[in-house]
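Novice: Before I ask anything, here is the structure I am working with.
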Amino acid sequence: MENFGFKDYYTKSQMDAALAGKVDANAYSLLQPGEIGFGVAPALPAAYAAIGAVPYDGHDQIASPNRGKYLHTASGADLYHIPKHYVKYVGNTAYFSDVPQDGYVLDRSFINAGVELDGVFVFAYGGSNNGGKLSSQKNAAPLSTSTGNNPISVLDTVPENRYGGIYKAAKSCDSDAFPMPIWQRAMIARLAKAHGEASSSTAVCAFTDVAPYHPKGNNNNALADHADTSVTFTSAGNATYPNCALTGSGVPFAKTTHNGQECGIADLNGNMWEAMSGLIYMARTGATGTTGTNAVALTAHGYTVGQKIAFGATPSSGATYNTAVYEVATVVDADNFTLTTVLERDILATDGIYTGKTFYMLKESVDIRVLADDSTTAGTGAFDLSLYDQVDMSDLFQSNGVWRKLGNAAEQVFEFSTDRNSDAYRRTSLGMPRLAGSSAGGTTEYGNDGIYTYFRHECVPLACGGWNDSSTAGLGAAYFFFYRTSSYYGVGVRASFVALA
């Protein structure tokens with residue numbers, strides 16, 4: 001069959017649609033940084049129909065302002081479809097491919113419940129309320145996790161006004177919706193940085209005229225962008241917080257999107273911090289040991305020689321840990337290990353064991369759509385440790401209250417691996433830099449964005465920044481200070497859907 005210039009990796013249904021004149025050649029591609037239409041793409045009809053969405057005119061045209069755009073009919077949410085793609089890093093440059101290639105790895109965003117996805121549908125704007133449903137609508141008042149600023153508790157699922165309430169909030173949109181996971185935020189940041197660097201004109205990427213070459217946002221506490229005050233926003237009208245802006249209200253709008261085009265995802269730099277799913281910090285319980293000995297028992301401990309460990313009292317939500325730190329000397333077996341020094345006190349099974357490695361990333365085998373609440377009860381909630389893999393960030397998270405800004409002179413910022421079981425792959429998927437690739441001030445190349453490190457039991461990561469965070473805000477920003485029972489007027493939620501093949 002002659003392919004008429006279409007790439008040979010398209011499925012038969014994609015080619016049939018193209019050959020029937022329904023789409024442009026290459027329309028289903030992510031395209032490449034520096035090209036019109038990069039960063040979004042149309043979804044197949046079966047994929048958007050499965051989530052109850054309908055396309056906007058021009059959704060399948062490369063140069064359309066509605067490329068890859070859909071309306072979720074039940075909630076009125078505007079969605080953008082980001083197609084499945086593969087990535088590799090060479091130094092600090094990311095490369096993208098629509099198909100598997102040697103040296104590339106599938107982005108974590110396109111794996112769910114053990115299967116590969118065709119793509120993901122992401123809220124086009126920050127989350128808002130549309131008749132009791134979490135929605136994504138332009139020029140709407142953003143929801144927050146506080147009674148003082150358009151609380152999420154008004155939604156039909158009646159989520160509590162706390163960061164852990166994002167799971168119930170998402171379910172008010174649709175039973176298949178879920179709070180955006182932190183790896184999607186990292187993926188969008190990767191696309192934005194690559195496009196900003198590769199674009200040679202503002203016609204291709206509007207935010208390339210003012211450094212840093214990243215999406216602009218409402219972050220200067222005066223309804224404008226701190227680096228480019230020509231980008232302005234409209235107040236949402238809260239008398240107490242007048243500098244909180246309406247969703248998608250940035251002007252020029254294209255300067256506020258992830259691809260610097262009208263067909264892009266907005267509200268990514270400031271306005272509202274967004275509570276993220278997919279990564280938690282938890283204390284483990286069940287370890288036992290006796291004062292004056294160096295032997296510790298903990299079922300399926302997963303530790304390695306040299307791992308730093310601290311013990312504390314029974315964990316409580318939001319607790320922090322400043323107890324004596326021990327080091328693993330030997331791994332006896334899967335359920336036992338020894339320490340380099342003896343224990344200073346008895347360790348009880350109800351105590352918490354805390355380490356830099358006790359960050360937990362949702363397993364690829366878990367269906368993120370089943371996370372319906374923030375319960376910690378095994379098998380029922382988003383904080384069930386059995387749903388997560390350990391990921392070692394002990395080098396980056398050495399102490400509480402430290403900013404690790406992205407970029408350190410010419411150092412490579414993100415570690416890269418094609419092994420999806422490796423910490424290197426997981427950390428890069430989460431947007432977590434190498435220690436050597438971070439610094440106190442960061443670099444303009446990465447927007448001087450950074451990671452605020454903290455050890456909090458039942459942590460909920462925040463991303464993107466608020467309306468008064470200035471250079472701290474940005475797509476690469478992540479904040480680890482708060483936990484599932486926290487509440488704040490400047491923290492909201494954005495939802496996503498999977499696009500099944």
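We name chains A, B, ... following the order of the structure tokens; residues begin at 1 in each chain, and ligands are numbered from 1 as shown.
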Just the residues within 6 Å of Asn221 of chain A, please, counting only C-alpha atoms, with nothing from its chain fewer than 2 positions along; format it as a PyMOL selection string.

Specialist: chain A and resi 219+223+243+467-468

Novice: For segment 115-150 of chain A versus segment 92-108 of chain A, which residues have an atom no more than 12 Å away, and what is each residue's nearest atom pair and distance in Å rounded to one decimal, using only C-alpha atoms, chain-then-number order, as a Markdown table?

Specialist:
| residue | atom | partner | partner_atom | distance |
| --- | --- | --- | --- | --- |
| A:Val115 | CA | A:Arg108 | CA | 11.1 |
| A:Glu116 | CA | A:Leu106 | CA | 8.9 |
| A:Leu117 | CA | A:Arg108 | CA | 10.0 |
| A:Asp118 | CA | A:Asp98 | CA | 10.5 |
| A:Gly119 | CA | A:Asp107 | CA | 10.3 |
| A:Val120 | CA | A:Arg108 | CA | 11.1 |

Novice: For Val40 of chain A, please output as a ChimeraX atom specification all residues within 9 Å (counting only C-alpha atoms; exclusion window: fewer than 6 positions along the same chain).

Specialist: /A:28-31,67-69,80-83,259,263-264

Novice: Would you save the residues from that selection as a PDB file, in the first residue's frame, using N, CA and C atoms?

Specialist:
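The result, stored in part16.pdb:
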ATOM      1  N   TYR A  28      -1.164  13.354  13.552  1.00  0.00           N
ATOM      2  CA  TYR A  28      -1.177  12.618  14.811  1.00  0.00           C
ATOM      3  C   TYR A  28       0.153  12.683  15.541  1.00  0.00           C
ATOM      4  N   SER A  29       1.151  13.265  14.930  1.00  0.00           N
ATOM      5  CA  SER A  29       2.486  13.347  15.518  1.00  0.00           C
ATOM      6  C   SER A  29       2.565  14.431  16.585  1.00  0.00           C
ATOM      7  N   LEU A  30       3.428  14.203  17.581  1.00  0.00           N
ATOM      8  CA  LEU A  30       3.787  15.259  18.521  1.00  0.00           C
ATOM      9  C   LEU A  30       4.478  16.402  17.796  1.00  0.00           C
ATOM     10  N   LEU A  31       5.067  16.097  16.657  1.00  0.00           N
ATOM     11  CA  LEU A  31       5.915  17.008  15.891  1.00  0.00           C
ATOM     12  C   LEU A  31       7.215  17.266  16.655  1.00  0.00           C
ATOM     13  N   ARG A  67      -5.927  22.778  17.573  1.00  0.00           N
ATOM     14  CA  ARG A  67      -5.250  21.485  17.388  1.00  0.00           C
ATOM     15  C   ARG A  67      -5.241  20.714  18.713  1.00  0.00           C
ATOM     16  N   GLY A  68      -5.718  19.464  18.662  1.00  0.00           N
ATOM     17  CA  GLY A  68      -5.699  18.589  19.822  1.00  0.00           C
ATOM     18  C   GLY A  68      -6.643  18.970  20.940  1.00  0.00           C
ATOM     19  N   LYS A  69      -7.663  19.813  20.643  1.00  0.00           N
ATOM     20  CA  LYS A  69      -8.544  20.329  21.696  1.00  0.00           C
ATOM     21  C   LYS A  69      -9.905  19.645  21.679  1.00  0.00           C
ATOM     22  N   TYR A  80      -6.764  19.198  26.328  1.00  0.00           N
ATOM     23  CA  TYR A  80      -5.816  19.033  25.230  1.00  0.00           C
ATOM     24  C   TYR A  80      -5.247  17.626  25.276  1.00  0.00           C
ATOM     25  N   HIS A  81      -5.073  17.066  24.090  1.00  0.00           N
ATOM     26  CA  HIS A  81      -4.527  15.724  23.976  1.00  0.00           C
ATOM     27  C   HIS A  81      -3.040  15.806  23.659  1.00  0.00           C
ATOM     28  N   ILE A  82      -2.221  15.175  24.502  1.00  0.00           N
ATOM     29  CA  ILE A  82      -0.784  15.049  24.241  1.00  0.00           C
ATOM     30  C   ILE A  82      -0.528  13.603  23.841  1.00  0.00           C
ATOM     31  N   PRO A  83       0.019  13.372  22.647  1.00  0.00           N
ATOM     32  CA  PRO A  83       0.164  12.000  22.167  1.00  0.00           C
ATOM     33  C   PRO A  83       1.333  11.267  22.808  1.00  0.00           C
ATOM     34  N   ASN A 259       3.268  25.563  24.816  1.00  0.00           N
ATOM     35  CA  ASN A 259       3.944  25.574  23.513  1.00  0.00           C
ATOM     36  C   ASN A 259       3.980  26.965  22.889  1.00  0.00           C
ATOM     37  N   CYS A 263      -2.956  26.856  20.775  1.00  0.00           N
ATOM     38  CA  CYS A 263      -3.344  25.465  21.025  1.00  0.00           C
ATOM     39  C   CYS A 263      -2.512  24.871  22.158  1.00  0.00           C
ATOM     40  N   GLY A 264      -2.412  25.570  23.275  1.00  0.00           N
ATOM     41  CA  GLY A 264      -1.557  25.092  24.347  1.00  0.00           C
ATOM     42  C   GLY A 264      -2.232  25.098  25.702  1.00  0.00           C
TER      43      GLY A 264
END

Novice: By how many Å are atom CA of Gly127 of chain A and atom CA of Phe383 of chain A apart?

Specialist: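 Between these atoms lies a distance of 22.5 Å.
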
Novice: Could you tell me how far atom CA of Ala236 of chain A lies from atom CA of Gly465 of chain A, in Å and to one decimal?

Specialist: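 Between atom CA of Ala236 of chain A and atom CA of Gly465 of chain A the gap works out to 17.0 Å.
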
Novice: Using only C-alpha atoms, which of the listed residues (A:Trp403, A:Phe497, A:Tyr488, A:Trp273) sits closest to Val122 of chain A?

Specialist: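 Checking each candidate against Val122 of chain A, we get A:Phe497 as the closest.
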
Novice: Report as number ranges by chain: the residues of segment 45-144 of chain A with a DSSP assignment of strand (DSSP E), based on the backbone of this structure.

Specialist: A: 53-55, 69-72, 77-83, 86-90, 93-97, 105-106, 111-112, 115-116, 119-123, 128-130, 133-135

Novice: Check the smallest atom-to-atom distance from each of A:Cys244, A:Ala169, A:Ala43, A:Val90 to Asn139 of chain A using only C-alpha atoms, then report the winner.

Specialist: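 Closest to Asn139 of chain A, using only C-alpha atoms: A:Cys244.
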
Novice: When you look at Asp174 of chain A with a cut-off of 9 Å (counting only C-alpha atoms), what residues show up, excluding the ones that are within fewer than 5 positions of it in the same chain? I need them as JSON, numbers by chain.

Specialist: {"A": [51, 74, 75, 133, 134]}

Novice: Just to confirm, what's the straight-line distance from atom CA of Asp57 of chain A to atom CA of Ala77 of chain A in Å (one decimal)?

Specialist: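 Interatomic distance, atom CA of Asp57 of chain A to atom CA of Ala77 of chain A: 15.9 Å.
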
Novice: Taking only C-alpha atoms into account, name the residue in A:Ser201, A:Gln390, A:Thr256, A:Thr145 that is nearest to Ala283 of chain A.

Specialist: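 Result for the nearest residue to Ala283 of chain A: A:Gln390.
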
Novice: Return the single residue from A:Val391, A:Ala140, A:Ser172, A:Thr340 that is closest to Gly292 of chain A, with distances computed using only C-alpha atoms.

Specialist: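 Among the listed residues, the smallest separation from Gly292 of chain A belongs to A:Thr340.
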
Novice: Using only C-alpha atoms, which protein or nucleic acid residues come within 8 Å of Leu191 of chain A? Drop anything in the same chain fewer than 5 positions from it, and give the result as a list in words.

Specialist: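 The neighbour list is Pro33, Gly39, His258 and Asn259 of chain A.
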
Novice: Could you name the residues that touch Pro215 of chain A at 8 Å or less, counting only C-alpha atoms, but leaving out those on the same chain fewer than 2 positions away, as number ranges by chain?

Specialist: A: 192, 207, 213, 217, 255-260, 268-269, 474-475

Novice: Between A:Leu155, A:Asn130, A:Glu415, A:Gly196, which is the closest to Ala211 of chain A once you count only C-alpha atoms?

Specialist: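 Checking each candidate against Ala211 of chain A, we get A:Gly196 as the closest.
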
Novice: Within 10 Å of Asn294 of chain A, counting only C-alpha atoms, which residues show up once you throw out same-chain ones fewer than 2 positions away? Write them as JSON, numbers by chain, please.

Specialist: {"A": [289, 290, 291, 292, 296, 326, 328, 329, 337, 338, 339, 340, 341, 342, 343, 344]}

Novice: For those residues, write C-alpha atoms to a file as a short mmCIF file (atom, residue, chain, number, x, y, z; two decimals), in the first residue's frame.

Specialist:
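Generated file (result04.cif):
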data_model
loop_
_atom_site.label_atom_id
_atom_site.label_comp_id
_atom_site.auth_asym_id
_atom_site.auth_seq_id
_atom_site.Cartn_x
_atom_site.Cartn_y
_atom_site.Cartn_z
CA GLY A 289 14.87 -3.65 67.23
CA THR A 290 16.31 -3.57 70.75
CA THR A 291 18.44 -0.95 72.46
CA GLY A 292 22.16 -1.76 72.31
CA VAL A 296 16.50 -4.56 62.71
CA TYR A 326 21.67 5.32 61.15
CA VAL A 328 22.55 0.13 56.85
CA ALA A 329 25.61 -2.06 57.34
CA PHE A 337 19.21 -5.81 58.02
CA THR A 338 21.90 -4.53 60.39
CA LEU A 339 23.14 -1.03 61.22
CA THR A 340 26.68 0.32 61.44
CA THR A 341 26.01 1.44 65.03
CA VAL A 342 23.79 0.11 67.78
CA LEU A 343 20.30 1.41 68.44
CA GLU A 344 19.93 4.13 71.06
#

Novice: Check the smallest atom-to-atom distance from each of A:Thr453, A:Thr376, A:Ser417, A:Ser429 to Ser399 of chain A using only C-alpha atoms, then report the winner.

Specialist: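 Among the listed residues, A:Thr453 lies closest to Ser399 of chain A.
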
Novice: So that I can check the secondary structure, give me every residue of segment 50-145 of chain A assigned helix (DSSP H, G or I) by backbone DSSP, as a list in words.

Specialist: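 Restricting segment 50-145 of chain A to helix (DSSP H, G or I) produces Ala50, Arg108, Ser109 and Phe110 of chain A.
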